[in-house]
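J.: The structure follows.
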Amino acid sequence: MAGGRPIHLLERIWIVFLAQVLCVRGSKLWEVPTAPLTPHTNLSMRLLWKPHCQAQLCHLQNEERITVTIPPKLEGHWVSSRCEVRPGPEFLTRSYTFYQSPTHLFRALQHYYSDSKCHIPAYSLVIRGKLRLRQASWITRGATEAEHHLHKVGMVIHSQKAIHNLATSLPSYCLGLKTGGHLVLHRFYELFNAKAEKDCLGALGFSMMELELLRVETHHHPHSRPAQELFLGDVHTDWNERLHHRPTGYQEPLQNALHHIHPCPVCALVYRASEQHPPILPSSRSIPLDLKGRWLSQRCETRPAILFLTRLFVFNEDQHTWEGTYQHYSDPMCRQPSFTVLASGHYAKAGQSVKVHGATELVFKVTQAKVVVFDRALLGELNLLQNGSCGQVGGWKVGAEQDITWTDGCDGLGIRLPHKEYELFKMETDHRGRPLLFIGERPTDGSSPDRPAKRPTSFQTPMVQCNKGNRVAPRYSSYSDHSTGPKASSANTLYSSLILLFIAHIWCWNMFVQI
């Protein structure tokens, strides 16, 4: 999913656009699957956000004021707010402490688990090092680049199963074992020591490159004290690349232990835990996957490759169809629109995931897509493409919708339609009891999960439900691309709709966050 992703179409467009701007060439194209099914809606009609979804987006943006300080103030204790899932999959909670300058020292605890609920601790890592903040990132707007140096890394094992797994993956000399020696539960084992030139982290797949990109947000709620969140760099989805990956996106944020979201029972458990006593998270009620309705981004989202976006998905479980509106922006607060992708297709559930307990495997097809461009540089690139390869030749105009279905996608953007992807979904509830929808994380290299082997094993930022009901077809307004005669009135209808949406966004943005 695009951006969030049923089919992540818009992220592919943005990545290729960036490659063109930076004179970087790529050859990956979306694979064409079997013949598409008949869509249940008419995509000659332009998809608009339902008023209650638009209102909820404004509410999500305006219920609090967000401030960002560059460079960020890291001093303090930061903790996970839920059981986190990393590619692999890996299940963990994090507890990081940053000390005051001028020492710039940090101490991090990472607790790994054998299950997706973080109920069964496997082992804990104790990481000590030094962090030096550098300049504001020129790649990821709103972020700060940093440089980290590890001093020591140690491990404490909590289960016999973990002992077996680690004994087969780590050389015996890494654990200080003599011939015939055995690992012991709850004993501290040193894996890395900068002074002793001992380094066994590679065999464990361990990396702290997440510290190379940081962002701290302070959320000022109208009726409660401020909450602070620490965003650290994303972890590469390819295990072989994660050791050296320089992040351009973020993971799920850590909460400030003293100024966190409320309520947050997991925050307290992680804060009080130690390497000898890892947190065992409370049991959560399992939620069956129920996609029916409309799902909306909780915040302005950041993705690798400089992507800022909001997402809206509409699912019809009776007909197994989906529609997505992916609104991309050029800034980290989602104020400056860049382009929008409207996509639709079909999906099928493939069964429960074996790798991630509680998650469901699905197969998605994108059969139709339209693009609305606001960025003039991208507009110029699209208008230079040859006829028949990307919508109507020379027909790209600012704010005007172009159908790229009839040209089987857009060769110049690396898009081919129809397209198939193998997805991973799961549902949970948040601290307010609201259902959350987690959609599979996109490959960091910008490729597509177009084979079962590339199905995600981790998730993107969860979405919230903005409406649930039997009628899930989104509202449309008539539209035809740059036509004359009777169809011109359709363009006027779209233009009026865009004006109204623009006014609504201006109202939202005026009340929105100030950096």
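Chains: A, B, ... in order of the structure tokens. Residues: from 1 per chain. Ligands: from 1, in order shown.
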Pick out the residues sitting within 7 Å of range 315-321 of chain A, and hand them over as a PDB file with C-alpha atoms, in the first residue's frame; count only C-alpha atoms, and ignore anything fewer than 2 positions along from it in its own chain.
T.:
```pdb
ATOM      1  CA  LEU A 291     -11.268  -3.131   8.128  1.00  0.00           C
ATOM      2  CA  LYS A 292     -14.754  -1.843   7.377  1.00  0.00           C
ATOM      3  CA  GLY A 293     -14.932   1.946   7.296  1.00  0.00           C
ATOM      4  CA  ARG A 294     -12.450   4.788   6.933  1.00  0.00           C
ATOM      5  CA  PHE A 313      -8.127   4.449   3.419  1.00  0.00           C
ATOM      6  CA  GLU A 323      -9.589   3.074  -1.954  1.00  0.00           C
ATOM      7  CA  GLY A 345      -8.309  -1.947  -6.165  1.00  0.00           C
ATOM      8  CA  HIS A 346      -9.105  -5.251  -4.519  1.00  0.00           C
ATOM      9  CA  TYR A 347      -7.678  -7.270  -1.657  1.00  0.00           C
ATOM     10  CA  ALA A 348      -7.920 -10.793  -0.287  1.00  0.00           C
ATOM     11  CA  VAL A 472     -18.196   2.954   2.900  1.00  0.00           C
TER      12      VAL A 472
END
```
J.: List the neighbours of Trp406 in chain A out to 9 Å using only C-alpha atoms; skip same-chain residues closer than 3 positions along the sequence, and give me the result as a list in words.
T.: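 Counting only C-alpha atoms, the residues come to Gln368, Gly388, Cys390, Gly391, Asp403, Gly409 and Leu417 of chain A.
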J.: Any chance you can output those residues with C-alpha atoms as a tab-separated table (two decimals), in the first residue's frame?
T.:
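Final output, selection-v7.tsv:
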```tsv
chain	number	residue	atom	x	y	z
A	368	GLN	CA	-6.77	2.23	-10.93
A	388	GLY	CA	0.92	7.23	-23.95
A	390	CYS	CA	1.99	8.65	-18.36
A	391	GLY	CA	-1.53	9.99	-18.73
A	403	ASP	CA	-5.80	9.45	-14.74
A	409	GLY	CA	0.54	3.55	-15.04
A	417	LEU	CA	-0.84	-0.93	-13.42
```
J.: Between A:Gly142, A:Gln460, A:Trp322, A:Gly399, which has the minimum distance to Ser338 in chain A (counting only C-alpha atoms)?
T.: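 For Ser338 in chain A, the nearest of the given residues is A:Gly399.
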J.: So that I can check the secondary structure, give me every residue of range 252-406 of chain A assigned strand (DSSP E) by backbone DSSP, as a ChimeraX atom specification.
T.: /A:254-256,293-297,301-303,307-316,321-329,337-352,360-373,401-403
J.: Considering only C-alpha atoms, can you say which of A:Pro332, A:Pro71, A:Pro304, A:Pro288 comes closest to Glu428 in chain A?
T.: A:Pro288
J.: I need the residues of range 252-453 of chain A that end up classed as alpha helix (DSSP H) by DSSP on the backbone, written out as a list in words.
T.: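 Matching residues, listed in order: Pro265, Val266, Cys267, Ala268, Leu269, Val270, Tyr271, Arg272, Arg376, Ala377, Leu378, Leu379, Gly380, Glu381, Leu382 and Asn383 of chain A.
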